[in-house]
file data.csv (CSV, C-alpha atoms and all ligand atoms)
chain,number,residue,atom,x,y,z
A,7,MET,CA,7.4,-27.0,-19.2
A,8,ILE,CA,4.5,-27.7,-16.8
A,9,ALA,CA,1.1,-29.2,-17.6
A,10,VAL,CA,-1.7,-26.7,-18.1
A,11,ALA,CA,-4.3,-27.1,-15.4
A,12,ASP,CA,-7.3,-26.2,-17.6
A,13,ALA,CA,-7.2,-26.5,-21.4
A,14,PHE,CA,-9.5,-23.5,-21.7
A,15,LEU,CA,-8.4,-20.9,-19.1
A,16,GLY,CA,-5.0,-22.3,-18.2
A,17,ASN,CA,-3.4,-21.8,-14.8
A,18,PRO,CA,-6.3,-20.7,-12.5
A,19,HIS,CA,-3.9,-18.5,-10.4
A,20,LEU,CA,-3.0,-16.4,-13.5
A,21,VAL,CA,-6.6,-15.7,-14.7
A,22,ARG,CA,-8.4,-14.7,-11.5
A,23,ASP,CA,-9.0,-11.1,-12.6
A,24,LEU,CA,-9.8,-11.3,-16.3
A,25,GLU,CA,-12.7,-8.8,-15.5
A,26,ARG,CA,-9.9,-6.2,-14.8
A,27,VAL,CA,-8.3,-6.7,-18.2
A,28,PRO,CA,-10.0,-4.1,-20.4
A,29,CYS,CA,-10.4,-4.8,-24.1
A,30,LYS,CA,-12.2,-3.0,-26.9
A,31,GLY,CA,-15.9,-3.6,-27.4
A,32,ASN,CA,-15.4,-4.7,-31.0
A,33,TRP,CA,-14.1,-8.0,-29.8
A,34,VAL,CA,-17.6,-8.6,-28.3
A,35,ALA,CA,-19.4,-7.5,-31.5
A,36,ALA,CA,-17.1,-9.8,-33.6
A,37,ARG,CA,-18.2,-12.8,-31.5
A,38,SER,CA,-21.8,-12.0,-32.0
A,39,ARG,CA,-21.3,-11.7,-35.7
A,40,TYR,CA,-19.2,-14.9,-35.9
A,41,VAL,CA,-22.0,-16.9,-34.2
A,42,ASP,CA,-24.6,-15.5,-36.6
A,43,GLU,CA,-22.5,-16.2,-39.7
A,44,GLN,CA,-21.2,-19.6,-38.7
A,45,PHE,CA,-24.0,-21.2,-36.8
A,46,GLY,CA,-27.2,-19.2,-37.5
A,47,ALA,CA,-30.2,-18.7,-35.3
A,48,SER,CA,-30.0,-22.0,-33.5
A,49,GLY,CA,-26.3,-21.4,-32.7
A,50,ARG,CA,-27.2,-18.0,-31.3
A,51,GLN,CA,-29.9,-19.5,-29.1
A,52,ASP,CA,-27.5,-22.2,-27.9
A,53,VAL,CA,-24.9,-19.6,-26.9
A,54,GLU,CA,-27.4,-17.3,-25.2
A,55,SER,CA,-28.8,-20.3,-23.2
A,56,ARG,CA,-25.3,-20.8,-21.7
A,57,LEU,CA,-24.7,-17.2,-20.7
A,58,GLU,CA,-25.9,-15.0,-17.8
A,59,GLY,CA,-25.2,-11.6,-16.4
A,60,ALA,CA,-22.8,-9.2,-18.0
A,61,ALA,CA,-21.7,-11.8,-20.6
A,62,LEU,CA,-25.2,-12.5,-21.8
A,63,ASP,CA,-26.0,-8.8,-21.9
A,64,ALA,CA,-22.8,-8.0,-23.9
A,65,PHE,CA,-23.5,-10.9,-26.4
A,66,VAL,CA,-27.1,-9.8,-27.0
A,67,HIS,CA,-26.3,-6.1,-27.1
A,68,PRO,CA,-22.7,-5.8,-28.1
A,69,PRO,CA,-21.1,-2.5,-27.1
A,70,LEU,CA,-20.1,0.0,-29.7
A,71,PRO,CA,-16.5,-0.7,-31.1
A,72,MET,CA,-14.8,2.0,-29.1
A,73,VAL,CA,-16.6,1.2,-25.8
A,74,MET,CA,-14.5,-0.9,-23.5
A,75,SER,CA,-15.4,-4.4,-22.4
A,76,ASN,CA,-13.2,-6.9,-20.6
A,77,VAL,CA,-11.5,-10.2,-21.1
A,78,GLY,CA,-13.7,-11.9,-18.5
A,79,VAL,CA,-16.7,-11.2,-20.6
A,80,ILE,CA,-14.9,-12.4,-23.7
A,81,ALA,CA,-13.8,-15.7,-22.0
A,82,ALA,CA,-17.3,-16.4,-20.8
A,83,ILE,CA,-18.8,-15.8,-24.3
A,84,ASP,CA,-16.0,-17.9,-25.9
A,85,ARG,CA,-16.6,-20.8,-23.5
A,86,ALA,CA,-20.3,-20.7,-24.4
A,87,ILE,CA,-19.4,-20.8,-28.1
A,88,LEU,CA,-16.9,-23.6,-27.6
A,89,ASP,CA,-19.2,-25.8,-25.4
A,90,GLY,CA,-22.3,-24.9,-27.6
A,91,PRO,CA,-22.2,-24.7,-31.4
A,92,MET,CA,-18.5,-25.6,-31.7
A,93,ARG,CA,-19.2,-28.9,-29.8
A,94,GLY,CA,-16.0,-28.6,-27.8
A,95,ARG,CA,-13.7,-28.7,-30.8
A,96,PHE,CA,-10.8,-26.6,-29.6
A,97,GLU,CA,-9.1,-26.6,-33.0
A,98,ARG,CA,-11.9,-24.4,-34.3
A,99,MET,CA,-10.7,-21.6,-32.0
A,100,LYS,CA,-7.9,-20.9,-34.4
A,101,HIS,CA,-10.3,-20.4,-37.3
A,102,PHE,CA,-12.3,-18.3,-34.9
A,103,GLY,CA,-9.3,-16.0,-34.2
A,104,ALA,CA,-8.5,-15.8,-37.9
A,105,THR,CA,-12.1,-14.9,-38.8
A,106,ILE,CA,-12.2,-12.2,-36.2
A,107,ALA,CA,-8.9,-10.7,-37.5
A,108,ARG,CA,-10.5,-10.6,-41.0
A,109,TYR,CA,-13.4,-8.5,-39.7
A,110,ASP,CA,-11.5,-5.5,-38.5
A,111,VAL,CA,-7.7,-5.8,-39.1
A,112,PRO,CA,-8.1,-4.4,-42.7
A,113,VAL,CA,-9.6,-1.2,-41.1
A,114,VAL,CA,-6.7,-0.9,-38.6
A,115,TYR,CA,-4.2,-1.3,-41.5
A,116,ARG,CA,-6.0,1.3,-43.6
A,117,VAL,CA,-5.8,3.8,-40.8
A,118,PHE,CA,-2.3,3.1,-39.6
A,119,PHE,CA,-0.3,1.5,-42.3
A,120,ARG,CA,-1.5,2.3,-45.8
A,121,PHE,CA,1.7,0.8,-47.3
A,122,GLY,CA,4.1,-1.6,-45.8
A,123,SER,CA,5.5,-5.1,-46.1
A,124,PRO,CA,4.2,-8.0,-43.8
A,125,GLY,CA,7.4,-7.5,-41.8
A,126,PHE,CA,6.9,-3.8,-41.4
A,127,ILE,CA,3.3,-4.2,-40.2
A,128,LEU,CA,4.0,-7.3,-38.0
A,129,GLY,CA,6.8,-5.2,-36.5
A,130,ARG,CA,4.1,-2.9,-35.2
A,131,ALA,CA,2.2,-5.6,-33.4
A,132,GLY,CA,2.6,-3.8,-30.1
A,133,LEU,CA,0.8,-0.8,-31.5
A,134,ILE,CA,-2.0,-2.9,-32.9
A,135,TYR,CA,-2.3,-4.9,-29.7
A,136,GLY,CA,-2.7,-1.7,-27.7
A,137,GLN,CA,-5.7,-0.8,-29.9
A,138,TYR,CA,-7.5,-3.9,-28.6
A,139,VAL,CA,-6.3,-4.7,-25.0
A,140,LYS,CA,-5.4,-2.1,-22.4
A,141,ARG,CA,-3.1,-4.2,-20.3
A,142,GLY,CA,0.1,-5.9,-21.1
A,143,LYS,CA,2.9,-5.1,-23.5
A,144,MET,CA,3.4,-6.7,-26.9
A,145,LYS,CA,6.9,-6.5,-28.5
A,146,ALA,CA,7.8,-7.7,-32.0
A,147,ASP,CA,11.2,-8.8,-33.3
A,148,VAL,CA,10.6,-9.2,-37.0
A,149,GLY,CA,12.6,-10.0,-40.1
A,150,THR,CA,11.5,-10.2,-43.8
A,151,THR,CA,10.0,-13.8,-43.6
A,152,GLU,CA,9.7,-14.5,-39.9
A,153,GLY,CA,9.3,-12.9,-36.6
A,154,GLU,CA,8.8,-13.3,-32.9
A,155,ILE,CA,5.9,-11.6,-31.0
A,156,THR,CA,6.2,-11.5,-27.2
A,157,LEU,CA,3.5,-10.6,-24.7
A,158,THR,CA,4.3,-9.6,-21.1
A,159,GLU,CA,2.6,-8.2,-18.1
A,160,VAL,CA,-0.8,-9.8,-18.7
A,161,PRO,CA,-1.8,-13.5,-18.7
A,162,LEU,CA,-4.6,-14.0,-21.3
A,163,PRO,CA,-6.7,-17.2,-21.1
A,164,TYR,CA,-4.8,-20.2,-22.4
A,165,TYR,CA,-7.2,-20.9,-25.3
A,166,LEU,CA,-6.4,-17.4,-26.7
A,167,CYS,CA,-2.6,-18.1,-26.4
A,168,GLU,CA,-2.7,-21.5,-27.9
A,169,HIS,CA,-5.4,-21.1,-30.6
A,170,GLY,CA,-7.0,-17.7,-31.0
A,171,ILE,CA,-3.9,-15.6,-31.2
A,172,CYS,CA,-2.2,-18.0,-33.6
A,173,GLY,CA,-5.2,-17.7,-35.9
A,174,TRP,CA,-5.3,-14.0,-35.4
A,175,LEU,CA,-1.6,-13.6,-36.2
A,176,GLU,CA,-1.8,-15.7,-39.3
A,177,ALA,CA,-4.8,-13.8,-40.7
A,178,ALA,CA,-3.2,-10.4,-39.8
A,179,THR,CA,0.1,-11.4,-41.5
A,180,GLU,CA,-1.8,-12.6,-44.6
A,181,LEU,CA,-3.8,-9.4,-44.8
A,182,ALA,CA,-0.5,-7.5,-44.8
A,183,GLY,CA,0.4,-9.4,-48.0
A,184,ALA,CA,2.3,-12.5,-46.7
A,185,LYS,CA,1.9,-15.9,-48.3
A,186,MET,CA,1.2,-19.0,-46.3
A,187,PRO,CA,1.8,-17.6,-42.9
A,188,VAL,CA,2.2,-20.1,-40.0
A,189,ALA,CA,2.0,-19.0,-36.4
A,190,ARG,CA,2.7,-21.2,-33.3
A,191,GLN,CA,3.1,-20.4,-29.7
A,192,THR,CA,6.6,-21.2,-28.4
A,193,ARG,CA,6.5,-19.9,-24.8
A,194,CYS,CA,3.5,-19.4,-22.5
A,195,VAL,CA,3.0,-18.2,-18.9
A,196,HIS,CA,0.5,-21.0,-18.5
A,197,ARG,CA,3.3,-23.6,-19.1
A,198,GLY,CA,5.6,-21.9,-16.6
A,199,ASP,CA,7.5,-19.6,-18.9
A,200,SER,CA,8.0,-15.9,-17.9
A,201,GLU,CA,6.2,-14.6,-21.0
A,202,CYS,CA,4.0,-15.6,-23.9
A,203,ARG,CA,5.7,-15.8,-27.3
A,204,TRP,CA,4.6,-16.7,-30.8
A,205,HIS,CA,6.8,-17.5,-33.9
A,206,VAL,CA,5.4,-16.4,-37.2
A,207,ALA,CA,6.9,-17.5,-40.6
A,208,TRP,CA,5.7,-16.7,-44.1
A,209,ARG,CA,6.8,-16.5,-47.7
A,301,ZN,ZN,0.4,-17.8,-23.3

call {"tool": "encode", "arguments": {"input": "data.csv", "output": "structure tokens"}}
result
Amino acid sequence: MIAVADAFLGNPHLVRDLERVPCKGNWVAARSRYVDEQFGASGRQDVESRLEGAALDAFVHPPLPMVMSNVGVIAAIDRAILDGPMRGRFERMKHFGATIARYDVPVVYRVFFRFGSPGFILGRAGLIYGQYVKRGKMKADVGTTEGEITLTEVPLPYYLCEHGICGWLEAATELAGAKMPVARQTRCVHRGDSECRWHVAWR
């Protein structure tokens, strides 16, 4: 395992072209909503004062859910949220990921998986991932009370690997009916592994 160069973005060589990683606009809208709900008008002002260009424009006027944005914009907004109203507390990024999952994962589940156990739904993580991010492949190897989710062919910013996606996976597993889900990252390209992997366990 190697040390991670930047606790936020990770290995700078891996994240040079985040603007070319397309993701769905509802990720932007969710950030705008999160700031309003968690930090109110002063939080919004703080975030906006730290943004410029495409990221500021996206935060102030979020694209419609189906319009594509990109992970570069997402990372710029998230850094402004972290440095601003979150006061640099990285551990809050997990809560952030979980809250965002609660906004729209129920809709995804209603559309794609009306019925199904947590294992069944988590087993389709690749399909769900493809709804959000248009680069990289997510594979799931899932049993009845635990599973492994592996992401290849796209390095996401490290804070998403380490915090945001863990929170997202826990909330998504819970929304599928699991009790007390716990997700942690076990492998990461930013630490020198060949892929990113998360272990999720629940009751
Ligand atoms: Zn990773």

call {"tool": "closest_atom_pairs", "arguments": {"input": "data.csv", "of": "chain A", "to": "ligand ZN 301 (chain A)", "cutoff": "6 Å", "atoms": "all atoms listed in the file", "output": "tab-separated table"}}
result
residue	atom	partner	partner_atom	distance
A:Tyr164	CA	A:ZN301	ZN	5.8
A:Cys167	CA	A:ZN301	ZN	4.3
A:Cys194	CA	A:ZN301	ZN	3.6
A:Val195	CA	A:ZN301	ZN	5.1
A:His196	CA	A:ZN301	ZN	5.8
A:Cys202	CA	A:ZN301	ZN	4.3

call {"tool": "closest_residue", "arguments": {"input": "data.csv", "among": "A:Thr151, A:Pro161, A:Phe65, A:Val111", "to": "Pro18 (chain A)", "atoms": "only C-alpha atoms"}}
result
A:Pro161

call {"tool": "residues_around", "arguments": {"input": "data.csv", "residues": "Glu159 (chain A)", "least_positions_apart": "3", "cutoff": "10 Å", "atoms": "all atoms listed in the file", "output": "list of chain:residue names"}}
result
A:Arg141, A:Gly142, A:Lys143, A:Met144, A:Leu162, A:Ser200, A:Glu201, A:Cys202

call {"tool": "write_last_selection", "arguments": {"input": "data.csv", "atoms": "C-alpha atoms", "output": "tab-separated table (two decimals), in the frame of the given file"}}
result
chain	number	residue	atom	x	y	z
A	141	ARG	CA	-3.10	-4.20	-20.30
A	142	GLY	CA	0.10	-5.90	-21.10
A	143	LYS	CA	2.90	-5.10	-23.50
A	144	MET	CA	3.40	-6.70	-26.90
A	162	LEU	CA	-4.60	-14.00	-21.30
A	200	SER	CA	8.00	-15.90	-17.90
A	201	GLU	CA	6.20	-14.60	-21.00
A	202	CYS	CA	4.00	-15.60	-23.90

call {"tool": "closest_residue", "arguments": {"input": "data.csv", "among": "A:Phe102, A:Met72, A:Gly31, A:Leu181", "to": "Phe121 (chain A)", "atoms": "all atoms listed in the file"}}
result
A:Leu181

call {"tool": "closest_residue", "arguments": {"input": "data.csv", "among": "A:Thr179, A:Gln137, A:Ser48, A:Gln191", "to": "Leu166 (chain A)", "atoms": "all atoms listed in the file"}}
result
A:Gln191

call {"tool": "build_atoms", "arguments": {"input": "data.csv", "residues": "region 177-201 of chain A", "atoms": "N, CA and C atoms", "output": "PDB file, in the frame of the given file"}}
result
ATOM      1  N   ALA A 177      -3.888 -14.602 -39.869  1.00  0.00           N
ATOM      2  CA  ALA A 177      -4.800 -13.800 -40.700  1.00  0.00           C
ATOM      3  C   ALA A 177      -4.218 -12.382 -40.889  1.00  0.00           C
ATOM      4  N   ALA A 178      -3.734 -11.805 -39.779  1.00  0.00           N
ATOM      5  CA  ALA A 178      -3.200 -10.400 -39.800  1.00  0.00           C
ATOM      6  C   ALA A 178      -1.978 -10.348 -40.726  1.00  0.00           C
ATOM      7  N   THR A 179      -1.125 -11.392 -40.687  1.00  0.00           N
ATOM      8  CA  THR A 179       0.100 -11.400 -41.500  1.00  0.00           C
ATOM      9  C   THR A 179      -0.309 -11.570 -42.989  1.00  0.00           C
ATOM     10  N   GLU A 180      -1.294 -12.430 -43.230  1.00  0.00           N
ATOM     11  CA  GLU A 180      -1.800 -12.600 -44.600  1.00  0.00           C
ATOM     12  C   GLU A 180      -2.388 -11.352 -45.166  1.00  0.00           C
ATOM     13  N   LEU A 181      -3.174 -10.670 -44.333  1.00  0.00           N
ATOM     14  CA  LEU A 181      -3.800  -9.400 -44.800  1.00  0.00           C
ATOM     15  C   LEU A 181      -2.761  -8.342 -45.073  1.00  0.00           C
ATOM     16  N   ALA A 182      -1.565  -8.486 -44.489  1.00  0.00           N
ATOM     17  CA  ALA A 182      -0.500  -7.500 -44.800  1.00  0.00           C
ATOM     18  C   ALA A 182       0.274  -7.930 -46.040  1.00  0.00           C
ATOM     19  N   GLY A 183      -0.149  -9.022 -46.697  1.00  0.00           N
ATOM     20  CA  GLY A 183       0.400  -9.400 -48.000  1.00  0.00           C
ATOM     21  C   GLY A 183       1.336 -10.629 -47.935  1.00  0.00           C
ATOM     22  N   ALA A 184       1.453 -11.288 -46.778  1.00  0.00           N
ATOM     23  CA  ALA A 184       2.300 -12.500 -46.700  1.00  0.00           C
ATOM     24  C   ALA A 184       1.633 -13.681 -47.303  1.00  0.00           C
ATOM     25  N   LYS A 185       2.457 -14.610 -47.811  1.00  0.00           N
ATOM     26  CA  LYS A 185       1.900 -15.900 -48.300  1.00  0.00           C
ATOM     27  C   LYS A 185       2.152 -16.981 -47.324  1.00  0.00           C
ATOM     28  N   MET A 186       1.131 -17.811 -47.159  1.00  0.00           N
ATOM     29  CA  MET A 186       1.200 -19.000 -46.300  1.00  0.00           C
ATOM     30  C   MET A 186       1.805 -18.775 -44.932  1.00  0.00           C
ATOM     31  N   PRO A 187       1.303 -17.801 -44.204  1.00  0.00           N
ATOM     32  CA  PRO A 187       1.800 -17.600 -42.900  1.00  0.00           C
ATOM     33  C   PRO A 187       1.482 -18.735 -41.908  1.00  0.00           C
ATOM     34  N   VAL A 188       2.428 -19.076 -41.053  1.00  0.00           N
ATOM     35  CA  VAL A 188       2.200 -20.100 -40.000  1.00  0.00           C
ATOM     36  C   VAL A 188       2.622 -19.511 -38.682  1.00  0.00           C
ATOM     37  N   ALA A 189       1.726 -19.515 -37.710  1.00  0.00           N
ATOM     38  CA  ALA A 189       2.000 -19.000 -36.400  1.00  0.00           C
ATOM     39  C   ALA A 189       1.897 -20.127 -35.369  1.00  0.00           C
ATOM     40  N   ARG A 190       2.824 -20.188 -34.420  1.00  0.00           N
ATOM     41  CA  ARG A 190       2.700 -21.200 -33.300  1.00  0.00           C
ATOM     42  C   ARG A 190       3.219 -20.531 -32.048  1.00  0.00           C
ATOM     43  N   GLN A 191       2.661 -20.952 -30.944  1.00  0.00           N
ATOM     44  CA  GLN A 191       3.100 -20.400 -29.700  1.00  0.00           C
ATOM     45  C   GLN A 191       4.340 -21.202 -29.219  1.00  0.00           C
ATOM     46  N   THR A 192       5.387 -20.497 -28.818  1.00  0.00           N
ATOM     47  CA  THR A 192       6.600 -21.200 -28.400  1.00  0.00           C
ATOM     48  C   THR A 192       6.890 -21.066 -26.915  1.00  0.00           C
ATOM     49  N   ARG A 193       6.329 -20.055 -26.272  1.00  0.00           N
ATOM     50  CA  ARG A 193       6.500 -19.900 -24.800  1.00  0.00           C
ATOM     51  C   ARG A 193       5.123 -19.440 -24.271  1.00  0.00           C
ATOM     52  N   CYS A 194       4.826 -19.810 -23.023  1.00  0.00           N
ATOM     53  CA  CYS A 194       3.500 -19.400 -22.500  1.00  0.00           C
ATOM     54  C   CYS A 194       3.596 -19.382 -20.939  1.00  0.00           C
ATOM     55  N   VAL A 195       3.053 -18.348 -20.356  1.00  0.00           N
ATOM     56  CA  VAL A 195       3.000 -18.200 -18.900  1.00  0.00           C
ATOM     57  C   VAL A 195       2.245 -19.404 -18.270  1.00  0.00           C
ATOM     58  N   HIS A 196       1.260 -19.936 -19.006  1.00  0.00           N
ATOM     59  CA  HIS A 196       0.500 -21.000 -18.500  1.00  0.00           C
ATOM     60  C   HIS A 196       1.269 -22.348 -18.408  1.00  0.00           C
ATOM     61  N   ARG A 197       2.390 -22.390 -19.133  1.00  0.00           N
ATOM     62  CA  ARG A 197       3.300 -23.600 -19.100  1.00  0.00           C
ATOM     63  C   ARG A 197       4.509 -23.303 -18.254  1.00  0.00           C
ATOM     64  N   GLY A 198       4.501 -22.201 -17.520  1.00  0.00           N
ATOM     65  CA  GLY A 198       5.600 -21.900 -16.600  1.00  0.00           C
ATOM     66  C   GLY A 198       6.664 -20.985 -17.158  1.00  0.00           C
ATOM     67  N   ASP A 199       6.516 -20.511 -18.387  1.00  0.00           N
ATOM     68  CA  ASP A 199       7.500 -19.600 -18.900  1.00  0.00           C
ATOM     69  C   ASP A 199       7.198 -18.160 -18.361  1.00  0.00           C
ATOM     70  N   SER A 200       8.195 -17.277 -18.509  1.00  0.00           N
ATOM     71  CA  SER A 200       8.000 -15.900 -17.900  1.00  0.00           C
ATOM     72  C   SER A 200       7.240 -15.009 -18.825  1.00  0.00           C
ATOM     73  N   GLU A 201       6.981 -15.420 -20.068  1.00  0.00           N
ATOM     74  CA  GLU A 201       6.200 -14.600 -21.000  1.00  0.00           C
ATOM     75  C   GLU A 201       5.531 -15.509 -22.010  1.00  0.00           C
TER      76      GLU A 201
END
